[in-house]
Amino acid sequence: MDEKSRGPARPVLWTVALGAATALAYLALLGWDREKDLNPVTGAETGPYEAWQVVGLALVVAALAFVAGRRRQVVAALVAIPTALTLAFVVSAVTGPEPGFWPIGAALMALGSAAGTAVAALLGRGTARRSPA
């Protein structure tokens with residue numbers, strides 16, 4: 001079966017797989033941590049996430065986007081990854097203990113994840129092997 005006879009199945013599968021992998025990574029790294037930490041000396045609240053959780057999620061998502069780019073699935077990455085991250089963030093924020101500012105966070109998540117996904121996917125695309133025309 002040649003590439004043209006497959007139709008849109010491959011990009012759709014990539015989109016679904018990237019979305020599911022992104023949501024799973026979000027749940028594994030951020031979804032379980034909802035408690036803020038209180039510094040007993042200063043009384044300042046931080047969190048709920050530790051730096052390693054956010055960095056870990058960023059690395060996983062960047063790797064997903066890079067691989068998608070290498071497989072010439074840049075559009076699938078640009079659709080799936082920011083959408084999954086933003087939806088996961090919104091669900092987590094709305095159901096969390098302080099749901100007040102989630103629209104601002106959702107907008108920042110959407111924009112930031114789209115920009116990061118674009119960079120990683122295009123870097124991956126740039127490293128893809130050239131096929132003879």
# chains A, B, ... in the order shown; residues from 1 in each chain; ligands from 1
call {"tool": "residues_around", "arguments": {"residues": "Ala65 of chain A", "least_positions_apart": "3", "cutoff": "8 Å", "atoms": "only C-alpha atoms", "output": "PyMOL selection string"}}
result
chain A and resi 61-62+68-69+74+77+81+117-118+120-121+124
call {"tool": "write_last_selection", "arguments": {"atoms": "all heavy atoms", "output": "PDB file, in the first residue's frame"}}
result
ATOM      1  N   VAL A  61       7.347  16.319  26.634  1.00  0.00           N
ATOM      2  CA  VAL A  61       6.576  16.938  25.551  1.00  0.00           C
ATOM      3  C   VAL A  61       7.500  17.351  24.404  1.00  0.00           C
ATOM      4  O   VAL A  61       7.163  17.170  23.231  1.00  0.00           O
ATOM      5  CB  VAL A  61       5.758  18.126  26.101  1.00  0.00           C
ATOM      6  CG1 VAL A  61       5.181  18.958  24.993  1.00  0.00           C
ATOM      7  CG2 VAL A  61       4.661  17.617  27.001  1.00  0.00           C
ATOM      8  N   ALA A  62       8.674  17.879  24.738  1.00  0.00           N
ATOM      9  CA  ALA A  62       9.632  18.253  23.691  1.00  0.00           C
ATOM     10  C   ALA A  62      10.085  17.021  22.909  1.00  0.00           C
ATOM     11  O   ALA A  62      10.210  17.065  21.678  1.00  0.00           O
ATOM     12  CB  ALA A  62      10.834  18.968  24.304  1.00  0.00           C
ATOM     13  N   ALA A  68       7.755  13.517  16.489  1.00  0.00           N
ATOM     14  CA  ALA A  68       6.702  13.784  15.501  1.00  0.00           C
ATOM     15  C   ALA A  68       7.262  14.581  14.324  1.00  0.00           C
ATOM     16  O   ALA A  68       6.942  14.293  13.168  1.00  0.00           O
ATOM     17  CB  ALA A  68       5.540  14.527  16.148  1.00  0.00           C
ATOM     18  N   GLY A  69       8.085  15.560  14.613  1.00  0.00           N
ATOM     19  CA  GLY A  69       8.698  16.341  13.538  1.00  0.00           C
ATOM     20  C   GLY A  69       9.582  15.485  12.638  1.00  0.00           C
ATOM     21  O   GLY A  69       9.554  15.615  11.414  1.00  0.00           O
ATOM     22  N   VAL A  74       4.439  17.340  11.898  1.00  0.00           N
ATOM     23  CA  VAL A  74       4.502  18.620  12.598  1.00  0.00           C
ATOM     24  C   VAL A  74       3.094  19.132  12.913  1.00  0.00           C
ATOM     25  O   VAL A  74       2.811  19.587  14.028  1.00  0.00           O
ATOM     26  CB  VAL A  74       5.310  19.657  11.792  1.00  0.00           C
ATOM     27  CG1 VAL A  74       5.242  21.028  12.435  1.00  0.00           C
ATOM     28  CG2 VAL A  74       6.756  19.197  11.634  1.00  0.00           C
ATOM     29  N   ALA A  77       1.509  17.281  15.763  1.00  0.00           N
ATOM     30  CA  ALA A  77       2.085  17.723  17.037  1.00  0.00           C
ATOM     31  C   ALA A  77       1.522  19.076  17.446  1.00  0.00           C
ATOM     32  O   ALA A  77       1.185  19.293  18.611  1.00  0.00           O
ATOM     33  CB  ALA A  77       3.610  17.789  16.934  1.00  0.00           C
ATOM     34  N   ILE A  81      -0.516  18.314  20.979  1.00  0.00           N
ATOM     35  CA  ILE A  81       0.214  18.574  22.225  1.00  0.00           C
ATOM     36  C   ILE A  81      -0.317  19.802  22.971  1.00  0.00           C
ATOM     37  O   ILE A  81      -0.674  19.696  24.147  1.00  0.00           O
ATOM     38  CB  ILE A  81       1.734  18.631  21.968  1.00  0.00           C
ATOM     39  CG1 ILE A  81       2.221  17.229  21.557  1.00  0.00           C
ATOM     40  CG2 ILE A  81       2.481  19.135  23.196  1.00  0.00           C
ATOM     41  CD1 ILE A  81       3.658  17.162  21.083  1.00  0.00           C
ATOM     42  N   THR A 117       6.169  23.485  21.248  1.00  0.00           N
ATOM     43  CA  THR A 117       5.925  22.366  20.351  1.00  0.00           C
ATOM     44  C   THR A 117       6.406  22.686  18.946  1.00  0.00           C
ATOM     45  O   THR A 117       7.027  21.843  18.289  1.00  0.00           O
ATOM     46  CB  THR A 117       4.421  22.015  20.325  1.00  0.00           C
ATOM     47  OG1 THR A 117       4.024  21.607  21.634  1.00  0.00           O
ATOM     48  CG2 THR A 117       4.119  20.901  19.341  1.00  0.00           C
ATOM     49  N   ALA A 118       6.142  23.896  18.488  1.00  0.00           N
ATOM     50  CA  ALA A 118       6.581  24.300  17.149  1.00  0.00           C
ATOM     51  C   ALA A 118       8.101  24.235  17.029  1.00  0.00           C
ATOM     52  O   ALA A 118       8.633  23.686  16.049  1.00  0.00           O
ATOM     53  CB  ALA A 118       6.079  25.707  16.828  1.00  0.00           C
ATOM     54  N   ALA A 120      10.308  22.473  18.877  1.00  0.00           N
ATOM     55  CA  ALA A 120      10.801  21.097  18.951  1.00  0.00           C
ATOM     56  C   ALA A 120      10.443  20.292  17.701  1.00  0.00           C
ATOM     57  O   ALA A 120      11.267  19.542  17.175  1.00  0.00           O
ATOM     58  CB  ALA A 120      10.252  20.412  20.204  1.00  0.00           C
ATOM     59  N   ALA A 121       9.207  20.448  17.204  1.00  0.00           N
ATOM     60  CA  ALA A 121       8.792  19.696  16.020  1.00  0.00           C
ATOM     61  C   ALA A 121       9.566  20.142  14.783  1.00  0.00           C
ATOM     62  O   ALA A 121       9.961  19.309  13.956  1.00  0.00           O
ATOM     63  CB  ALA A 121       7.289  19.855  15.792  1.00  0.00           C
ATOM     64  N   GLY A 124      12.998  18.720  14.939  1.00  0.00           N
ATOM     65  CA  GLY A 124      12.917  17.322  14.525  1.00  0.00           C
ATOM     66  C   GLY A 124      12.756  17.185  13.025  1.00  0.00           C
ATOM     67  O   GLY A 124      13.396  16.349  12.393  1.00  0.00           O
TER      68      GLY A 124
END
call {"tool": "residues_around", "arguments": {"residues": "Val54 of chain A", "least_positions_apart": "2", "cutoff": "12 Å", "atoms": "only C-alpha atoms", "output": "list in words"}}
result
Ala25, Tyr26, Leu27, Ala28, Leu29, Leu30, Gly31, Asp33, Gly47, Pro48, Tyr49, Glu50, Ala51, Trp52, Gly56, Leu57, Ala58, Leu59, Val60 and Val61 of chain A
call {"tool": "select_by_dssp", "arguments": {"residues": "chain A", "states": "strand (DSSP E)", "output": "list in words"}}
result
Asp37, Leu38, Glu45 and Thr46 of chain A
call {"tool": "write_last_selection", "arguments": {"atoms": "all heavy atoms", "output": "PDB file, in the first residue's frame"}}
result
ATOM      1  N   ASP A  37       2.853  24.152  49.194  1.00  0.00           N
ATOM      2  CA  ASP A  37       3.795  24.029  50.309  1.00  0.00           C
ATOM      3  C   ASP A  37       3.893  25.367  51.028  1.00  0.00           C
ATOM      4  O   ASP A  37       3.967  26.423  50.392  1.00  0.00           O
ATOM      5  CB  ASP A  37       5.177  23.619  49.784  1.00  0.00           C
ATOM      6  CG  ASP A  37       5.153  22.262  49.099  1.00  0.00           C
ATOM      7  OD1 ASP A  37       4.484  21.352  49.621  1.00  0.00           O
ATOM      8  OD2 ASP A  37       5.786  22.128  48.039  1.00  0.00           O
ATOM      9  N   LEU A  38       3.918  25.320  52.348  1.00  0.00           N
ATOM     10  CA  LEU A  38       4.007  26.520  53.165  1.00  0.00           C
ATOM     11  C   LEU A  38       5.378  26.569  53.816  1.00  0.00           C
ATOM     12  O   LEU A  38       5.776  25.643  54.525  1.00  0.00           O
ATOM     13  CB  LEU A  38       2.910  26.514  54.241  1.00  0.00           C
ATOM     14  CG  LEU A  38       2.877  27.708  55.183  1.00  0.00           C
ATOM     15  CD1 LEU A  38       2.575  28.992  54.400  1.00  0.00           C
ATOM     16  CD2 LEU A  38       1.848  27.495  56.272  1.00  0.00           C
ATOM     17  N   GLU A  45       3.611  30.671  50.352  1.00  0.00           N
ATOM     18  CA  GLU A  45       3.150  29.436  49.720  1.00  0.00           C
ATOM     19  C   GLU A  45       3.826  29.280  48.368  1.00  0.00           C
ATOM     20  O   GLU A  45       3.984  30.235  47.624  1.00  0.00           O
ATOM     21  CB  GLU A  45       1.642  29.470  49.503  1.00  0.00           C
ATOM     22  CG  GLU A  45       0.832  29.208  50.734  1.00  0.00           C
ATOM     23  CD  GLU A  45      -0.639  29.066  50.413  1.00  0.00           C
ATOM     24  OE1 GLU A  45      -1.121  29.677  49.438  1.00  0.00           O
ATOM     25  OE2 GLU A  45      -1.306  28.336  51.149  1.00  0.00           O
ATOM     26  N   THR A  46       4.207  28.048  48.057  1.00  0.00           N
ATOM     27  CA  THR A  46       4.757  27.730  46.739  1.00  0.00           C
ATOM     28  C   THR A  46       4.041  26.495  46.218  1.00  0.00           C
ATOM     29  O   THR A  46       3.408  25.755  46.957  1.00  0.00           O
ATOM     30  CB  THR A  46       6.273  27.449  46.805  1.00  0.00           C
ATOM     31  OG1 THR A  46       6.508  26.354  47.692  1.00  0.00           O
ATOM     32  CG2 THR A  46       7.042  28.673  47.281  1.00  0.00           C
TER      33      THR A  46
END
call {"tool": "decode", "arguments": {"residues": "chain A", "atoms": "C-alpha atoms", "output": "PDB file, in the first residue's frame"}}
result
ATOM      1  CA  MET A   1       0.000   0.000   0.000  1.00  0.00           C
ATOM      2  CA  ASP A   2       1.569   3.284  -1.043  1.00  0.00           C
ATOM      3  CA  GLU A   3       1.583   6.492   1.004  1.00  0.00           C
ATOM      4  CA  LYS A   4      -1.216   8.188  -0.971  1.00  0.00           C
ATOM      5  CA  SER A   5      -3.708   5.335  -0.630  1.00  0.00           C
ATOM      6  CA  ARG A   6      -3.629   5.546   3.182  1.00  0.00           C
ATOM      7  CA  GLY A   7      -5.333   8.930   3.147  1.00  0.00           C
ATOM      8  CA  PRO A   8      -5.585  10.855   6.389  1.00  0.00           C
ATOM      9  CA  ALA A   9      -5.250   7.802   8.660  1.00  0.00           C
ATOM     10  CA  ARG A  10      -1.605   8.367   9.536  1.00  0.00           C
ATOM     11  CA  PRO A  11      -1.924  12.027  10.654  1.00  0.00           C
ATOM     12  CA  VAL A  12      -5.091  11.207  12.596  1.00  0.00           C
ATOM     13  CA  LEU A  13      -3.367   8.327  14.376  1.00  0.00           C
ATOM     14  CA  TRP A  14      -0.385  10.538  15.160  1.00  0.00           C
ATOM     15  CA  THR A  15      -2.692  13.250  16.512  1.00  0.00           C
ATOM     16  CA  VAL A  16      -4.563  10.813  18.763  1.00  0.00           C
ATOM     17  CA  ALA A  17      -1.366   9.129  19.962  1.00  0.00           C
ATOM     18  CA  LEU A  18       0.395  12.423  20.688  1.00  0.00           C
ATOM     19  CA  GLY A  19      -2.639  13.756  22.533  1.00  0.00           C
ATOM     20  CA  ALA A  20      -2.924  10.611  24.645  1.00  0.00           C
ATOM     21  CA  ALA A  21       0.803  10.517  25.414  1.00  0.00           C
ATOM     22  CA  THR A  22       0.779  14.190  26.373  1.00  0.00           C
ATOM     23  CA  ALA A  23      -2.234  13.776  28.666  1.00  0.00           C
ATOM     24  CA  LEU A  24      -0.648  10.711  30.271  1.00  0.00           C
ATOM     25  CA  ALA A  25       2.607  12.614  30.852  1.00  0.00           C
ATOM     26  CA  TYR A  26       0.674  15.513  32.405  1.00  0.00           C
ATOM     27  CA  LEU A  27      -1.193  13.170  34.734  1.00  0.00           C
ATOM     28  CA  ALA A  28       1.952  11.258  35.680  1.00  0.00           C
ATOM     29  CA  LEU A  29       4.047  14.335  36.402  1.00  0.00           C
ATOM     30  CA  LEU A  30       1.598  17.025  37.515  1.00  0.00           C
ATOM     31  CA  GLY A  31      -1.841  15.504  37.960  1.00  0.00           C
ATOM     32  CA  TRP A  32      -1.229  13.931  41.339  1.00  0.00           C
ATOM     33  CA  ASP A  33       0.263  16.995  43.074  1.00  0.00           C
ATOM     34  CA  ARG A  34      -2.360  19.485  44.234  1.00  0.00           C
ATOM     35  CA  GLU A  35      -1.034  20.600  47.623  1.00  0.00           C
ATOM     36  CA  LYS A  36       0.730  23.927  48.077  1.00  0.00           C
ATOM     37  CA  ASP A  37       3.795  24.029  50.309  1.00  0.00           C
ATOM     38  CA  LEU A  38       4.007  26.520  53.165  1.00  0.00           C
ATOM     39  CA  ASN A  39       7.395  27.863  54.213  1.00  0.00           C
ATOM     40  CA  PRO A  40       7.261  27.906  58.027  1.00  0.00           C
ATOM     41  CA  VAL A  41       9.777  30.747  58.286  1.00  0.00           C
ATOM     42  CA  THR A  42       8.398  33.193  55.731  1.00  0.00           C
ATOM     43  CA  GLY A  43       4.812  31.988  55.538  1.00  0.00           C
ATOM     44  CA  ALA A  44       5.035  32.027  51.735  1.00  0.00           C
ATOM     45  CA  GLU A  45       3.150  29.436  49.720  1.00  0.00           C
ATOM     46  CA  THR A  46       4.757  27.730  46.739  1.00  0.00           C
ATOM     47  CA  GLY A  47       3.657  25.075  44.355  1.00  0.00           C
ATOM     48  CA  PRO A  48       1.786  22.935  43.988  1.00  0.00           C
ATOM     49  CA  TYR A  49       4.470  21.677  41.599  1.00  0.00           C
ATOM     50  CA  GLU A  50       8.168  21.197  42.173  1.00  0.00           C
ATOM     51  CA  ALA A  51      10.613  22.325  39.498  1.00  0.00           C
ATOM     52  CA  TRP A  52      11.528  18.745  38.572  1.00  0.00           C
ATOM     53  CA  GLN A  53       7.900  17.981  37.716  1.00  0.00           C
ATOM     54  CA  VAL A  54       7.576  20.903  35.303  1.00  0.00           C
ATOM     55  CA  VAL A  55      10.998  20.286  33.747  1.00  0.00           C
ATOM     56  CA  GLY A  56      10.165  16.595  33.366  1.00  0.00           C
ATOM     57  CA  LEU A  57       6.905  17.387  31.591  1.00  0.00           C
ATOM     58  CA  ALA A  58       8.644  19.885  29.315  1.00  0.00           C
ATOM     59  CA  LEU A  59      11.282  17.304  28.371  1.00  0.00           C
ATOM     60  CA  VAL A  60       8.711  14.585  27.654  1.00  0.00           C
ATOM     61  CA  VAL A  61       6.576  16.938  25.551  1.00  0.00           C
ATOM     62  CA  ALA A  62       9.632  18.253  23.691  1.00  0.00           C
ATOM     63  CA  ALA A  63      10.694  14.684  22.921  1.00  0.00           C
ATOM     64  CA  LEU A  64       7.213  13.839  21.631  1.00  0.00           C
ATOM     65  CA  ALA A  65       7.201  16.928  19.400  1.00  0.00           C
ATOM     66  CA  PHE A  66      10.739  16.236  18.151  1.00  0.00           C
ATOM     67  CA  VAL A  67       9.906  12.644  17.209  1.00  0.00           C
ATOM     68  CA  ALA A  68       6.702  13.784  15.501  1.00  0.00           C
ATOM     69  CA  GLY A  69       8.698  16.341  13.538  1.00  0.00           C
ATOM     70  CA  ARG A  70      11.227  13.701  12.453  1.00  0.00           C
ATOM     71  CA  ARG A  71       8.310  11.609  11.189  1.00  0.00           C
ATOM     72  CA  ARG A  72       6.949  14.601   9.285  1.00  0.00           C
ATOM     73  CA  GLN A  73       3.957  14.979  11.609  1.00  0.00           C
ATOM     74  CA  VAL A  74       4.502  18.620  12.598  1.00  0.00           C
ATOM     75  CA  VAL A  75       0.830  19.553  12.167  1.00  0.00           C
ATOM     76  CA  ALA A  76      -0.301  16.596  14.291  1.00  0.00           C
ATOM     77  CA  ALA A  77       2.085  17.723  17.037  1.00  0.00           C
ATOM     78  CA  LEU A  78       0.906  21.336  16.797  1.00  0.00           C
ATOM     79  CA  VAL A  79      -2.719  20.236  17.135  1.00  0.00           C
ATOM     80  CA  ALA A  80      -2.417  17.474  19.734  1.00  0.00           C
ATOM     81  CA  ILE A  81       0.214  18.574  22.225  1.00  0.00           C
ATOM     82  CA  PRO A  82      -0.958  22.115  23.072  1.00  0.00           C
ATOM     83  CA  THR A  83      -4.593  20.981  23.065  1.00  0.00           C
ATOM     84  CA  ALA A  84      -3.945  18.084  25.449  1.00  0.00           C
ATOM     85  CA  LEU A  85      -1.787  20.196  27.769  1.00  0.00           C
ATOM     86  CA  THR A  86      -4.293  23.040  27.866  1.00  0.00           C
ATOM     87  CA  LEU A  87      -7.264  20.743  28.478  1.00  0.00           C
ATOM     88  CA  ALA A  88      -5.410  18.866  31.214  1.00  0.00           C
ATOM     89  CA  PHE A  89      -4.445  22.163  32.826  1.00  0.00           C
ATOM     90  CA  VAL A  90      -8.009  23.495  32.673  1.00  0.00           C
ATOM     91  CA  VAL A  91      -9.508  20.350  34.208  1.00  0.00           C
ATOM     92  CA  SER A  92      -6.877  20.377  36.948  1.00  0.00           C
ATOM     93  CA  ALA A  93      -7.262  24.104  37.635  1.00  0.00           C
ATOM     94  CA  VAL A  94     -11.059  24.185  37.631  1.00  0.00           C
ATOM     95  CA  THR A  95     -11.320  21.210  39.986  1.00  0.00           C
ATOM     96  CA  GLY A  96      -8.486  22.423  42.223  1.00  0.00           C
ATOM     97  CA  PRO A  97      -8.709  24.230  45.543  1.00  0.00           C
ATOM     98  CA  GLU A  98      -8.316  27.727  44.033  1.00  0.00           C
ATOM     99  CA  PRO A  99     -10.022  27.859  40.621  1.00  0.00           C
ATOM    100  CA  GLY A 100      -9.980  31.668  40.269  1.00  0.00           C
ATOM    101  CA  PHE A 101      -7.302  32.523  37.700  1.00  0.00           C
ATOM    102  CA  TRP A 102      -7.459  29.483  35.440  1.00  0.00           C
ATOM    103  CA  PRO A 103      -8.376  31.410  32.236  1.00  0.00           C
ATOM    104  CA  ILE A 104      -5.091  33.315  32.387  1.00  0.00           C
ATOM    105  CA  GLY A 105      -3.161  30.127  33.062  1.00  0.00           C
ATOM    106  CA  ALA A 106      -4.969  28.328  30.252  1.00  0.00           C
ATOM    107  CA  ALA A 107      -4.110  31.084  27.765  1.00  0.00           C
ATOM    108  CA  LEU A 108      -0.463  31.010  28.849  1.00  0.00           C
ATOM    109  CA  MET A 109      -0.393  27.217  28.668  1.00  0.00           C
ATOM    110  CA  ALA A 110      -1.885  27.234  25.160  1.00  0.00           C
ATOM    111  CA  LEU A 111       0.503  29.878  23.834  1.00  0.00           C
ATOM    112  CA  GLY A 112       3.607  28.560  25.549  1.00  0.00           C
ATOM    113  CA  SER A 113       3.000  24.942  24.652  1.00  0.00           C
ATOM    114  CA  ALA A 114       2.235  25.844  21.032  1.00  0.00           C
ATOM    115  CA  ALA A 115       5.478  27.812  20.768  1.00  0.00           C
ATOM    116  CA  GLY A 116       7.541  25.084  22.418  1.00  0.00           C
ATOM    117  CA  THR A 117       5.925  22.366  20.351  1.00  0.00           C
ATOM    118  CA  ALA A 118       6.581  24.300  17.149  1.00  0.00           C
ATOM    119  CA  VAL A 119      10.266  24.743  17.979  1.00  0.00           C
ATOM    120  CA  ALA A 120      10.801  21.097  18.951  1.00  0.00           C
ATOM    121  CA  ALA A 121       8.792  19.696  16.020  1.00  0.00           C
ATOM    122  CA  LEU A 122      10.556  21.923  13.497  1.00  0.00           C
ATOM    123  CA  LEU A 123      13.941  20.952  14.941  1.00  0.00           C
ATOM    124  CA  GLY A 124      12.917  17.322  14.525  1.00  0.00           C
ATOM    125  CA  ARG A 125      11.708  18.008  11.003  1.00  0.00           C
ATOM    126  CA  GLY A 126      15.061  19.570  10.208  1.00  0.00           C
ATOM    127  CA  THR A 127      16.849  16.376  11.220  1.00  0.00           C
ATOM    128  CA  ALA A 128      14.583  14.073   9.189  1.00  0.00           C
ATOM    129  CA  ARG A 129      16.175  12.210   6.331  1.00  0.00           C
ATOM    130  CA  ARG A 130      15.504  13.647   2.946  1.00  0.00           C
ATOM    131  CA  SER A 131      13.679  11.302   0.623  1.00  0.00           C
ATOM    132  CA  PRO A 132      14.512  11.410  -3.062  1.00  0.00           C
ATOM    133  CA  ALA A 133      11.942  13.382  -5.046  1.00  0.00           C
TER     134      ALA A 133
END
